[in-house]
file coords15.cif (mmCIF, C-alpha atoms)
data_structure
loop_
_atom_site.label_atom_id
_atom_site.label_comp_id
_atom_site.auth_asym_id
_atom_site.auth_seq_id
_atom_site.Cartn_x
_atom_site.Cartn_y
_atom_site.Cartn_z
CA LYS W 1 -250.33 -11.93 -104.55
CA GLN W 2 -251.70 -14.31 -101.91
CA TRP W 3 -249.06 -16.89 -102.79
CA TYR W 4 -246.34 -14.25 -102.54
CA GLN W 5 -247.66 -12.99 -99.20
CA ARG W 6 -247.80 -16.54 -97.88
CA ARG W 7 -244.28 -17.08 -99.17
CA VAL W 8 -243.00 -13.97 -97.46
CA ARG W 9 -245.00 -14.49 -94.28
CA GLY W 10 -243.91 -18.06 -94.13
CA THR W 11 -240.22 -17.23 -94.44
CA HIS W 12 -239.82 -13.83 -92.90
CA CYS W 13 -239.17 -15.19 -89.47
CA SER W 14 -236.33 -17.39 -90.57
CA CYS W 15 -235.06 -14.65 -92.88
CA THR W 16 -234.94 -11.93 -90.25
CA SER W 17 -233.75 -14.31 -87.59
CA ASN W 18 -230.92 -15.54 -89.78
CA LEU W 19 -230.08 -11.98 -90.72
CA ALA W 20 -229.73 -10.82 -87.13
CA SER W 21 -227.89 -13.95 -86.13
CA SER W 22 -225.50 -13.55 -89.07
CA ALA W 23 -224.54 -10.05 -88.01
CA VAL W 24 -223.91 -11.15 -84.45
CA VAL W 25 -221.98 -14.18 -85.63
CA HIS W 26 -219.70 -12.00 -87.75
CA ALA W 27 -219.13 -9.56 -84.91
CA GLU W 28 -218.21 -12.33 -82.51
CA MET W 29 -215.85 -13.98 -85.00
CA THR W 30 -217.71 -17.25 -85.28
CA ALA W 31 -218.20 -17.12 -89.02
CA GLU W 32 -216.66 -19.64 -91.38
CA PRO W 33 -212.86 -19.21 -91.71
CA GLU W 34 -213.00 -18.33 -95.39
CA VAL W 35 -215.16 -15.22 -94.71
CA SER W 36 -213.08 -12.07 -95.03
CA LEU W 37 -215.29 -9.02 -95.55
CA SER W 38 -214.72 -5.33 -95.02
CA LYS W 39 -216.77 -3.35 -92.51
CA LYS W 40 -218.49 -1.45 -95.31
CA SER W 41 -219.46 -4.67 -97.09
CA VAL W 42 -221.01 -6.12 -93.92
CA ALA W 43 -223.01 -2.92 -93.34
CA LEU W 44 -224.32 -2.85 -96.90
CA MET W 45 -225.28 -6.51 -96.75
CA VAL W 46 -227.17 -6.16 -93.47
CA MET W 47 -228.96 -2.97 -94.46
CA SER W 48 -229.96 -4.35 -97.88
CA CYS W 49 -231.52 -7.45 -96.37
CA PHE W 50 -233.29 -5.35 -93.75
CA PHE W 51 -234.82 -3.08 -96.42
CA ILE W 52 -236.19 -6.07 -98.34
CA VAL W 53 -237.82 -7.45 -95.20
CA PHE W 54 -239.18 -4.08 -94.10
CA LEU W 55 -240.79 -3.18 -97.50
CA LEU W 56 -242.39 -6.56 -98.10
CA ARG W 57 -243.77 -7.19 -94.61
CA PRO W 58 -247.44 -6.21 -93.71
CA SER W 59 -247.75 -3.13 -91.51
CA LYS W 60 -249.30 -5.07 -88.65
CA LYS W 61 -245.95 -6.73 -88.07
CA VAL W 62 -244.20 -3.44 -87.40
CA SER W 63 -243.39 -4.43 -83.84
CA ASP W 64 -241.47 -7.45 -85.13
CA THR W 65 -239.72 -5.29 -87.69
CA THR W 66 -238.75 -2.80 -85.01
CA SER W 67 -237.27 -5.65 -83.03
CA VAL W 68 -235.26 -6.72 -86.03
CA LEU W 69 -234.09 -3.11 -86.50
CA ASN W 70 -232.84 -2.99 -82.92
CA VAL W 71 -230.94 -6.23 -83.40
CA VAL W 72 -229.38 -4.97 -86.63
CA LYS W 73 -228.43 -1.61 -85.09
CA ASP W 74 -226.92 -3.37 -82.11
CA SER W 75 -224.96 -5.72 -84.38
CA LEU W 76 -223.64 -2.85 -86.51
CA LYS W 77 -222.63 -0.96 -83.39
CA ARG W 78 -220.67 -3.95 -82.14
CA ILE W 79 -218.95 -4.36 -85.49
CA THR W 80 -218.00 -0.67 -85.51
CA GLU W 81 -216.70 -0.67 -81.93
CA SER W 82 -214.73 -3.87 -82.40
CA GLN W 83 -212.21 -2.10 -84.68
CA TYR W 84 -211.65 -5.30 -86.64
CA SER W 85 -210.93 -7.35 -83.57
CA ASP W 86 -212.84 -9.09 -80.87
CA PRO W 87 -212.74 -7.12 -77.57
CA VAL W 88 -212.29 -10.32 -75.59
CA SER W 89 -210.26 -12.65 -77.76
CA SER W 90 -206.60 -11.95 -78.53
CA GLU W 91 -206.92 -13.69 -81.87
CA PRO W 92 -207.35 -11.55 -85.01
CA SER W 93 -210.92 -11.00 -86.17
CA LEU W 94 -212.17 -12.85 -89.21
CA LEU W 95 -213.46 -9.50 -90.44
CA SER W 96 -210.04 -7.92 -90.26
CA LYS W 97 -208.09 -6.85 -93.29
CA PRO W 98 -204.63 -8.38 -93.62
CA THR W 99 -201.92 -5.83 -92.80
CA PRO W 100 -198.60 -7.59 -93.46
CA HIS W 101 -196.61 -4.34 -93.47
CA GLU W 102 -197.99 -2.92 -90.26
CA PRO W 103 -195.03 -1.97 -88.05
CA GLY W 104 -194.53 -3.91 -84.88
CA PRO W 105 -192.15 -3.38 -81.97
CA PRO W 106 -188.62 -2.56 -83.17
CA PRO W 107 -186.19 -5.49 -83.05
CA ARG W 108 -183.55 -5.49 -80.35
CA THR W 109 -180.19 -4.89 -81.96
CA VAL W 110 -176.72 -3.86 -80.88
CA PRO W 111 -176.43 -0.07 -80.85
CA ALA W 112 -174.54 1.91 -83.45
CA ALA W 113 -171.25 3.44 -82.40
CA ASP W 114 -172.53 6.69 -80.92
CA ASN W 115 -176.20 5.92 -80.40
CA PRO W 116 -177.11 3.07 -78.05
CA LYS W 117 -180.78 3.36 -79.04
CA THR W 118 -180.32 2.92 -82.78
CA THR W 119 -182.51 0.11 -84.10
CA ASN W 120 -182.04 -2.23 -87.00
CA ASN W 121 -184.79 -0.41 -88.94
CA GLU W 122 -182.81 2.82 -88.78
CA LEU W 123 -179.69 1.10 -90.06
CA GLN W 124 -181.22 -0.61 -93.06
CA ILE W 125 -180.31 1.88 -95.75
CA ALA W 126 -179.23 1.12 -99.28
CA PRO W 127 -175.56 0.15 -99.66
CA SER W 128 -173.50 3.21 -100.43
CA LYS W 129 -171.31 1.40 -102.99
CA ASP W 130 -168.42 3.85 -102.75
CA LEU W 131 -169.48 6.40 -100.13
CA TYR W 132 -167.23 4.99 -97.40
CA LEU W 133 -164.74 3.09 -99.54
CA ASN W 134 -162.38 6.08 -99.63
CA PRO W 135 -160.55 6.64 -96.33
CA PRO W 136 -161.60 9.52 -94.10
CA SER W 137 -159.20 12.43 -93.65
CA GLN W 138 -156.73 12.42 -90.80
CA GLU W 139 -158.35 15.62 -89.57
CA TRP W 140 -161.65 13.80 -89.11
CA ILE W 141 -159.89 10.84 -87.48
CA GLN W 142 -158.07 13.06 -84.99
CA ASP W 143 -161.32 14.86 -84.13
CA GLN W 144 -163.01 11.52 -83.60
CA PHE W 145 -160.20 10.35 -81.28
CA GLU W 146 -160.57 13.52 -79.23
CA LYS W 147 -164.31 12.92 -79.02
CA ALA W 148 -163.70 9.40 -77.72
CA LEU W 149 -161.33 10.76 -75.08
CA SER W 150 -163.79 13.48 -74.14
CA ASP W 151 -166.51 10.89 -73.58
CA LEU W 152 -164.19 9.30 -71.03
CA GLY W 153 -163.37 12.64 -69.41
CA LEU W 154 -159.82 12.55 -70.80
CA GLU W 155 -157.68 14.81 -72.94
CA TYR W 156 -154.28 14.57 -74.58
CA SER W 157 -151.15 15.39 -72.62
CA PRO W 158 -149.79 18.80 -73.69
CA ASP W 159 -146.49 17.12 -74.58
CA SER W 160 -146.44 13.55 -75.83
CA LEU W 161 -144.99 11.20 -73.25
CA TRP W 162 -144.00 8.26 -75.41
CA SER W 163 -141.69 6.83 -72.78
CA LEU W 164 -144.75 5.94 -70.68
CA CYS W 165 -146.24 3.71 -73.37
CA GLY W 166 -146.50 -0.04 -72.90
CA ALA W 167 -144.79 -3.02 -74.50
CA LYS W 168 -147.01 -2.95 -77.60
CA THR W 169 -145.45 0.36 -78.64
CA TYR W 170 -142.19 0.13 -80.60
CA TYR W 171 -139.51 2.64 -81.51
CA PHE W 172 -137.30 2.15 -84.58
CA PRO W 173 -134.46 4.71 -84.21
CA LYS W 174 -132.91 4.38 -87.70
CA ILE W 175 -136.16 5.35 -89.41
CA ASN W 176 -137.20 7.42 -86.37
CA THR W 177 -140.64 5.85 -86.20
CA ILE W 178 -142.95 4.95 -83.32
CA PHE W 179 -145.60 2.32 -83.87
CA THR W 180 -148.24 0.88 -81.53
CA GLY W 181 -149.26 -2.60 -82.64
CA THR W 182 -152.61 -3.68 -81.25
CA PRO W 183 -153.17 -7.44 -81.68
CA LYS W 184 -155.60 -8.42 -84.45
CA THR W 185 -155.15 -5.17 -86.37
CA GLY W 186 -152.48 -6.48 -88.76
CA CYS W 187 -149.69 -5.60 -86.33
CA SER W 188 -147.51 -8.59 -87.30
CA ASN W 189 -147.38 -7.47 -90.91
CA TRP W 190 -146.56 -3.91 -89.92
CA ILE W 191 -143.80 -4.94 -87.54
CA GLU W 192 -142.29 -7.10 -90.27
CA ALA W 193 -142.33 -4.16 -92.71
CA LEU W 194 -140.80 -1.80 -90.13
CA LEU W 195 -138.06 -4.31 -89.29
CA ARG W 196 -137.15 -4.47 -92.98
CA ALA W 197 -137.17 -0.68 -93.25
CA GLU W 198 -134.99 -0.52 -90.13
CA GLY W 199 -132.55 -3.05 -91.66
CA ASP W 200 -133.11 -5.77 -89.07
CA LEU W 201 -134.56 -8.05 -91.75
CA THR W 202 -132.88 -8.39 -95.11
CA LYS W 203 -135.81 -9.93 -96.94
CA GLU W 204 -139.54 -10.35 -96.69
CA LEU W 205 -140.65 -13.17 -94.42
CA ASP W 206 -142.76 -16.06 -95.59
CA PRO W 207 -146.35 -15.14 -94.55
CA THR W 208 -146.69 -18.49 -92.78
CA LYS W 209 -143.76 -17.52 -90.53
CA ILE W 210 -144.88 -13.96 -89.85
CA LYS W 211 -145.35 -14.59 -86.12
CA GLN W 212 -141.58 -14.88 -85.74
CA VAL W 213 -141.44 -11.08 -85.68
CA HIS W 214 -142.75 -11.11 -82.10
CA GLY W 215 -139.57 -12.67 -80.73
CA LYS W 216 -136.19 -11.17 -79.89
CA ILE W 217 -135.85 -9.44 -83.23
CA SER W 218 -138.58 -6.95 -82.38
CA GLY W 219 -138.44 -7.22 -78.59
CA ARG W 220 -135.51 -4.84 -78.31
CA HIS W 221 -137.58 -2.15 -80.03
CA ARG W 222 -140.35 -2.25 -77.45
CA MET W 223 -140.78 0.98 -75.55
CA PRO W 224 -139.91 -0.41 -72.07
CA HIS W 225 -136.41 -1.15 -73.51
CA MET W 226 -136.12 1.96 -75.66
CA ARG W 227 -136.97 4.39 -72.87
CA GLU W 228 -133.67 3.44 -71.24
CA GLN W 229 -131.83 4.85 -74.28
CA TYR W 230 -134.09 7.64 -75.54
CA ASN W 231 -135.92 10.31 -73.60
CA ASP W 232 -139.20 12.01 -74.48
CA THR W 233 -137.46 14.96 -76.09
CA THR W 234 -135.98 12.62 -78.71
CA LEU W 235 -139.11 10.51 -79.04
CA ARG W 236 -141.30 13.57 -79.73
CA LYS W 237 -139.33 14.15 -82.93
CA ALA W 238 -140.24 10.72 -84.27
CA PHE W 239 -143.02 9.99 -86.73
CA SER W 240 -145.77 8.01 -84.99
CA PHE W 241 -148.69 5.93 -86.18
CA THR W 242 -151.01 3.13 -85.17
CA VAL W 243 -153.69 0.90 -86.69
CA VAL W 244 -157.22 0.37 -85.36
CA ARG W 245 -160.06 -1.90 -86.45
CA ASN W 246 -163.82 -2.35 -86.20
CA PRO W 247 -164.32 -4.11 -82.82
CA TRP W 248 -166.71 -6.70 -84.25
CA THR W 249 -164.38 -7.95 -86.99
CA ARG W 250 -161.44 -7.78 -84.59
CA MET W 251 -163.37 -9.92 -82.11
CA VAL W 252 -164.24 -12.47 -84.81
CA SER W 253 -160.67 -12.48 -86.11
CA GLY W 254 -159.38 -13.16 -82.61
CA TYR W 255 -161.68 -16.15 -82.27
CA ARG W 256 -160.84 -17.61 -85.67
CA ASP W 257 -157.10 -17.13 -85.33
CA LYS W 258 -156.59 -18.08 -81.70
CA LEU W 259 -159.42 -20.30 -80.51
CA SER W 260 -161.27 -22.02 -83.34
CA ASP W 261 -160.60 -25.40 -84.92
CA GLU W 262 -160.04 -23.93 -88.39
CA ASP W 263 -157.30 -25.84 -90.15
CA THR W 264 -155.75 -22.74 -91.68
CA GLN W 265 -155.30 -20.62 -88.59
CA GLY W 266 -157.14 -21.79 -85.47
CA GLY W 267 -155.90 -22.93 -82.07
CA ASP W 268 -152.95 -20.57 -81.58
CA LYS W 269 -154.07 -19.88 -78.00
CA ARG W 270 -155.12 -23.43 -77.24
CA SER W 271 -154.69 -23.05 -73.48
CA ILE W 272 -157.20 -20.19 -73.45
CA GLY W 273 -159.60 -22.22 -75.57
CA VAL W 274 -159.37 -25.09 -73.09
CA ARG W 275 -160.13 -22.71 -70.22
CA ILE W 276 -163.16 -21.28 -72.03
CA VAL W 277 -164.61 -24.75 -72.60
CA GLN W 278 -163.97 -25.67 -68.97
CA GLU W 279 -165.69 -22.54 -67.66
CA MET W 280 -168.63 -22.48 -70.04
CA ARG W 281 -169.40 -26.24 -70.12
CA GLY W 282 -168.27 -27.24 -66.66
CA VAL W 283 -165.99 -30.04 -67.85
CA THR W 284 -162.51 -31.02 -66.72
CA ASP W 285 -159.25 -30.23 -68.45
CA SER W 286 -158.68 -33.87 -69.34
CA VAL W 287 -162.09 -34.14 -71.02
CA VAL W 288 -161.41 -31.07 -73.12
CA LYS W 289 -158.05 -32.36 -74.29
CA THR W 290 -159.09 -35.99 -74.75
CA GLU W 291 -162.17 -35.16 -76.79
CA LYS W 292 -160.42 -32.24 -78.53
CA LEU W 293 -163.12 -29.78 -77.64
CA TYR W 294 -163.01 -26.22 -78.96
CA PRO W 295 -165.13 -23.29 -77.78
CA THR W 296 -167.99 -22.16 -79.97
CA PHE W 297 -168.25 -18.51 -80.92
CA ALA W 298 -171.22 -18.14 -78.57
CA GLU W 299 -169.16 -19.56 -75.69
CA TYR W 300 -166.29 -17.25 -76.58
CA ALA W 301 -168.66 -14.23 -76.56
CA SER W 302 -170.17 -15.21 -73.20
CA TRP W 303 -166.67 -15.73 -71.79
CA ILE W 304 -165.70 -12.17 -72.78
CA VAL W 305 -168.85 -10.87 -71.10
CA LYS W 306 -168.18 -12.94 -67.99
CA HIS W 307 -164.73 -11.41 -67.56
CA ARG W 308 -165.81 -7.94 -68.74
CA GLY W 309 -163.02 -7.83 -71.31
CA ASN W 310 -160.27 -8.24 -68.71
CA ILE W 311 -158.66 -11.02 -70.66
CA ASN W 312 -155.81 -11.74 -73.04
CA VAL W 313 -154.70 -8.71 -75.06
CA HIS W 314 -155.86 -10.35 -78.28
CA PHE W 315 -159.46 -10.16 -77.08
CA SER W 316 -159.51 -7.13 -74.80
CA PRO W 317 -160.50 -3.63 -76.02
CA GLN W 318 -157.87 -2.09 -78.27
CA PHE W 319 -158.18 1.30 -76.56
CA GLY W 320 -156.27 -0.14 -73.61
CA THR W 321 -153.28 -0.91 -75.85
CA LEU W 322 -153.07 2.51 -77.51
CA CYS W 323 -150.82 5.15 -76.02
CA VAL W 324 -153.57 7.75 -75.74
CA PRO W 325 -153.97 10.15 -74.03
CA LYS W 326 -150.30 10.09 -73.01
CA ALA W 327 -149.29 10.80 -76.62
CA LYS W 328 -150.89 11.78 -79.92
CA TYR W 329 -150.27 9.81 -83.12
CA ASP W 330 -149.37 11.60 -86.36
CA ILE W 331 -151.40 9.13 -88.40
CA VAL W 332 -154.09 6.68 -87.41
CA VAL W 333 -154.72 3.96 -89.99
CA PRO W 334 -158.09 2.20 -89.97
CA LEU W 335 -157.29 -1.38 -90.95
CA GLU W 336 -160.16 -1.23 -93.41
CA TYR W 337 -158.08 1.33 -95.39
CA ALA W 338 -154.66 -0.21 -94.87
CA GLY W 339 -154.10 -0.32 -98.64
CA PRO W 340 -154.21 3.39 -99.49
CA LEU W 341 -153.06 4.67 -96.09
CA GLY W 342 -150.27 2.10 -95.75
CA GLY W 343 -148.50 3.63 -98.73
CA GLU W 344 -148.75 7.05 -97.12
CA VAL W 345 -147.11 5.74 -93.94
CA LEU W 346 -144.23 4.10 -95.85
CA LYS W 347 -143.71 7.34 -97.75
CA ARG W 348 -143.44 9.27 -94.50
CA ILE W 349 -140.64 6.98 -93.25
CA ASN W 350 -138.82 6.98 -96.61
CA ALA W 351 -139.48 3.27 -97.09
CA ASN W 352 -141.02 3.37 -100.55
CA ASN W 353 -139.21 0.17 -101.48
CA THR W 354 -140.78 -1.64 -98.54
CA SER W 355 -144.22 -3.18 -98.73
CA VAL W 356 -146.64 -4.43 -96.10
CA LEU W 357 -147.74 -8.02 -96.32
CA GLY W 358 -151.35 -8.14 -97.44
CA SER W 359 -154.36 -9.78 -95.88
CA TYR W 360 -154.93 -13.51 -96.21
CA ASP W 361 -158.39 -12.66 -97.50
CA GLN W 362 -158.76 -12.56 -101.26
CA SER W 363 -161.39 -9.80 -101.28
CA SER W 364 -160.10 -6.22 -101.41
CA ASP W 365 -163.48 -4.90 -100.29
CA PRO W 366 -163.50 -5.07 -96.47
CA ARG W 367 -167.28 -5.49 -96.52
CA LEU W 368 -166.89 -8.81 -98.30
CA GLN W 369 -163.97 -10.25 -96.36
CA LYS W 370 -164.48 -13.38 -94.29
CA SER W 371 -164.24 -11.76 -90.86
CA ALA W 372 -166.93 -9.26 -91.83
CA LEU W 373 -169.23 -11.94 -93.24
CA TYR W 374 -168.69 -14.22 -90.25
CA ALA W 375 -169.31 -11.30 -87.89
CA LYS W 376 -172.66 -10.54 -89.49
CA GLU W 377 -173.74 -14.16 -89.27
CA TRP W 378 -172.42 -15.09 -85.84
CA LEU W 379 -173.30 -11.89 -84.00
CA SER W 380 -176.86 -11.93 -85.32
CA GLU W 381 -177.28 -15.42 -83.84
CA LEU W 382 -176.18 -14.40 -80.32
CA ASP W 383 -178.57 -13.61 -77.50
CA PRO W 384 -179.37 -9.86 -77.76
CA ASP W 385 -178.40 -9.35 -74.11
CA VAL W 386 -174.94 -10.79 -74.81
CA VAL W 387 -174.53 -8.51 -77.84
CA GLU W 388 -175.48 -5.45 -75.80
CA GLN W 389 -173.01 -6.37 -73.08
CA LEU W 390 -170.28 -6.90 -75.66
CA TYR W 391 -171.01 -3.48 -77.08
CA SER W 392 -170.68 -1.90 -73.64
CA ILE W 393 -167.27 -3.56 -73.24
CA TYR W 394 -166.00 -2.31 -76.62
CA LYS W 395 -167.92 0.98 -76.65
CA THR W 396 -164.84 3.20 -76.68
CA ASP W 397 -163.36 1.18 -79.55
CA PHE W 398 -166.51 1.91 -81.55
CA THR W 399 -166.34 5.61 -80.75
CA LEU W 400 -162.68 5.89 -81.79
CA LEU W 401 -163.71 5.99 -85.46
CA ASN W 402 -167.51 5.88 -85.26
CA TYR W 403 -167.39 2.30 -86.49
CA SER W 404 -170.49 0.80 -88.11
CA ASN W 405 -172.63 -1.87 -86.50
CA PHE W 406 -172.74 -5.37 -87.99
CA SER W 407 -176.30 -4.71 -89.23
CA HIS W 408 -175.19 -1.74 -91.34
CA PRO W 409 -174.81 -2.34 -95.10
CA ASP W 410 -171.35 -0.73 -95.05
CA PHE W 411 -170.10 -2.77 -92.11
CA PRO W 412 -167.27 -2.81 -91.02
CA LEU W 413 -166.31 0.66 -92.29
CA PRO W 414 -166.18 3.84 -90.20
CA LEU W 415 -169.15 6.13 -90.75
CA TYR W 416 -167.79 9.61 -91.35
CA ASP W 417 -169.60 12.76 -92.44
CA GLU W 418 -167.04 14.73 -94.41
#
call {"tool": "encode", "arguments": {"input": "coords15.cif", "output": "structure tokens"}}
result
Amino acid sequence: KQWYQRRVRGTHCSCTSNLASSAVVHAEMTAEPEVSLSKKSVALMVMSCFFIVFLLRPSKKVSDTTSVLNVVKDSLKRITESQYSDPVSSEPSLLSKPTPHEPGPPPRTVPAADNPKTTNNELQIAPSKDLYLNPPSQEWIQDQFEKALSDLGLEYSPDSLWSLCGAKTYYFPKINTIFTGTPKTGCSNWIEALLRAEGDLTKELDPTKIKQVHGKISGRHRMPHMREQYNDTTLRKAFSFTVVRNPWTRMVSGYRDKLSDEDTQGGDKRSIGVRIVQEMRGVTDSVVKTEKLYPTFAEYASWIVKHRGNINVHFSPQFGTLCVPKAKYDIVVPLEYAGPLGGEVLKRINANNTSVLGSYDQSSDPRLQKSALYAKEWLSELDPDVVEQLYSIYKTDFTLLNYSNFSHPDFPLPLYDE
């Protein structure tokens, strides 16, 4: 008994002192890095040690024990109030539990078509597989067009005024068809098909020579020429249609086709590419041409923002090319559904024996085509402020068919709720 008392008396000071110091050390996050205990475990450990000391100590040392109790209570209070973190340090507490799935601030992303505040978290839903692969009805499309006009404070003219349309609207009198061809929506292929249906072409053009359709052969069908021969009364009797496209894929397609250094299609608008490099890098024309410099996609995007979309028609918003609200189209074809809806258009103009040249892309699923995949990659790498400004420039184009954002699993399809 005497040996045990001596043992306890001889060690109680260091035991209680170490106990109190340990609690304070844990609370102040100065413990060894490998320590990772829960609040409950720390409390049980401290209280267990305290009970051993209190029961084994002689009663005459109660004052010392009371002192230890106060230290322990104070330490536990500090642990409780710390809420797993040190009130001074910004570093995580060593007593904290790992919370890898704890939500943080939402990432900054480009808004969805009709909701500028939509975040990436809200868009990350499971792929629909076939939910949006079937084209929306023309009734829904027309309602969506009217919504886009309403957002701009516009409404359709009571009587279509086709004669007021611009040079990108064509009239083919033999098949009595009006078509507005917005650049980078497959307009070259459609014009070629309409020229064959009209009889101006006797055979299908080689796809590599498709751009020939923008010369004299189609120029005489442009509305500024046709309005001299046909008035609005005649034009209102014609069948009319147009093609629109997701603004993101259209923007990427414009870059690849007109400005990039891709061997298969790039550099068609070389003079514009030279100007972009000059403006964005501050180099001279001779340097650009000598070193064969091409704009990057990021430079192209910043250039669009700099000029607020007031640029070449291949890169400007497609809404400005359409003939709305002066006139209302009978059919609007989303390019993403050109396959099934293209046949419907050809049937309406009695051109069942005419076909529309297909896309260069081998994938029939628009979600897997190169422009969509490039758009997802390149747009996600841009500065978020640039993406938001691009969205504001093309906002009406998004609203036209409630087009999906590049972060959506069904991008680039329209999101309809039929």
call {"tool": "closest_residue", "arguments": {"input": "coords15.cif", "among": "W:Ser218, W:Thr296, W:Asn352, W:Ser253", "to": "His314 in chain W", "atoms": "all atoms listed in the file"}}
result
W:Ser253
call {"tool": "resolve_selection", "arguments": {"input": "coords15.cif", "expression": "the PyMOL selection byres ((chain W and resi 398) around 9)", "output": "ChimeraX atom specification"}}
result
/W:112-114,148,245-247,391,394-397,399-405,414
call {"tool": "closest_residue", "arguments": {"input": "coords15.cif", "among": "W:Leu322, W:Leu149, W:Leu161, W:Leu235", "to": "Pro183 in chain W", "atoms": "only C-alpha atoms"}}
result
W:Leu322
call {"tool": "atom_distance", "arguments": {"input": "coords15.cif", "atom1": "CA of Pro366 in chain W", "atom2": "CA of Pro135 in chain W"}}
result
12.1 Å
call {"tool": "residues_around", "arguments": {"input": "coords15.cif", "residues": "Trp140 in chain W", "least_positions_apart": "2", "cutoff": "10 Å", "atoms": "all atoms listed in the file", "output": "count of residues only"}}
result
12
call {"tool": "resolve_selection", "arguments": {"input": "coords15.cif", "expression": "the PyMOL selection byres ((chain W and resi 356) around 9)", "output": "JSON, numbers by chain"}}
result
{"W": [189, 190, 192, 193, 194, 339, 342, 343, 346, 354, 355, 357, 358]}
call {"tool": "atom_distance", "arguments": {"input": "coords15.cif", "atom1": "CA of Pro334 in chain W", "atom2": "CA of Asp383 in chain W"}}
result
28.7 Å
call {"tool": "atom_distance", "arguments": {"input": "coords15.cif", "atom1": "CA of Tyr300 in chain W", "atom2": "CA of Thr185 in chain W"}}
result
19.1 Å
call {"tool": "residues_around", "arguments": {"input": "coords15.cif", "residues": "Leu205 in chain W", "least_positions_apart": "2", "cutoff": "10 Å", "atoms": "all atoms listed in the file", "output": "ChimeraX atom specification"}}
result
/W:189,192-193,196,201-203,207-213,357
call {"tool": "resolve_selection", "arguments": {"input": "coords15.cif", "expression": "the PyMOL selection byres ((chain W and resi 178) around 10)", "output": "list in words"}}
result
Trp162, Thr169, Tyr170, Tyr171, Phe172, Pro173, Ile175, Asn176, Thr177, Phe179, Thr180, Gly181, Leu194, His221, Arg222, Met223, Leu235, Arg236, Lys237, Ala238, Phe239, Ser240, Phe241, Thr242, Tyr329 and Asp330 of chain W
call {"tool": "closest_residue", "arguments": {"input": "coords15.cif", "among": "W:His408, W:Ala197, W:Asn310, W:Asp268", "to": "Arg348 in chain W", "atoms": "only C-alpha atoms"}}
result
W:Ala197
call {"tool": "residues_near_point", "arguments": {"input": "coords15.cif", "point": "(-175.1, -10.2, -76.6)", "cutoff": "12 Å", "atoms": "only C-alpha atoms", "output": "mmCIF file with C-alpha atoms, keeping the file's coordinate frame"}}
result
data_model
loop_
_atom_site.group_PDB
_atom_site.id
_atom_site.type_symbol
_atom_site.label_atom_id
_atom_site.label_comp_id
_atom_site.auth_asym_id
_atom_site.auth_seq_id
_atom_site.Cartn_x
_atom_site.Cartn_y
_atom_site.Cartn_z
ATOM 1 C CA ARG W 108 -183.550 -5.490 -80.350
ATOM 2 C CA THR W 109 -180.190 -4.890 -81.960
ATOM 3 C CA VAL W 110 -176.720 -3.860 -80.880
ATOM 4 C CA PRO W 111 -176.430 -0.070 -80.850
ATOM 5 C CA TRP W 248 -166.710 -6.700 -84.250
ATOM 6 C CA PHE W 297 -168.250 -18.510 -80.920
ATOM 7 C CA ALA W 298 -171.220 -18.140 -78.570
ATOM 8 C CA GLU W 299 -169.160 -19.560 -75.690
ATOM 9 C CA TYR W 300 -166.290 -17.250 -76.580
ATOM 10 C CA ALA W 301 -168.660 -14.230 -76.560
ATOM 11 C CA SER W 302 -170.170 -15.210 -73.200
ATOM 12 C CA TRP W 303 -166.670 -15.730 -71.790
ATOM 13 C CA ILE W 304 -165.700 -12.170 -72.780
ATOM 14 C CA VAL W 305 -168.850 -10.870 -71.100
ATOM 15 C CA LYS W 306 -168.180 -12.940 -67.990
ATOM 16 C CA TRP W 378 -172.420 -15.090 -85.840
ATOM 17 C CA LEU W 379 -173.300 -11.890 -84.000
ATOM 18 C CA SER W 380 -176.860 -11.930 -85.320
ATOM 19 C CA GLU W 381 -177.280 -15.420 -83.840
ATOM 20 C CA LEU W 382 -176.180 -14.400 -80.320
ATOM 21 C CA ASP W 383 -178.570 -13.610 -77.500
ATOM 22 C CA PRO W 384 -179.370 -9.860 -77.760
ATOM 23 C CA ASP W 385 -178.400 -9.350 -74.110
ATOM 24 C CA VAL W 386 -174.940 -10.790 -74.810
ATOM 25 C CA VAL W 387 -174.530 -8.510 -77.840
ATOM 26 C CA GLU W 388 -175.480 -5.450 -75.800
ATOM 27 C CA GLN W 389 -173.010 -6.370 -73.080
ATOM 28 C CA LEU W 390 -170.280 -6.900 -75.660
ATOM 29 C CA TYR W 391 -171.010 -3.480 -77.080
ATOM 30 C CA SER W 392 -170.680 -1.900 -73.640
ATOM 31 C CA ILE W 393 -167.270 -3.560 -73.240
#
call {"tool": "closest_residue", "arguments": {"input": "coords15.cif", "among": "W:Ser157, W:Ser371, W:Ser188, W:Thr182", "to": "Phe319 in chain W", "atoms": "only C-alpha atoms"}}
result
W:Thr182
call {"tool": "closest_residue", "arguments": {"input": "coords15.cif", "among": "W:Lys370, W:Lys168, W:Leu259, W:Thr249", "to": "Leu335 in chain W", "atoms": "all atoms listed in the file"}}
result
W:Thr249
call {"tool": "residues_around", "arguments": {"input": "coords15.cif", "residues": "Ala372 in chain W", "least_positions_apart": "2", "cutoff": "9 Å", "atoms": "all atoms listed in the file", "output": "number ranges by chain"}}
result
W: 248-249, 252, 366-370, 374-377, 406, 411-412
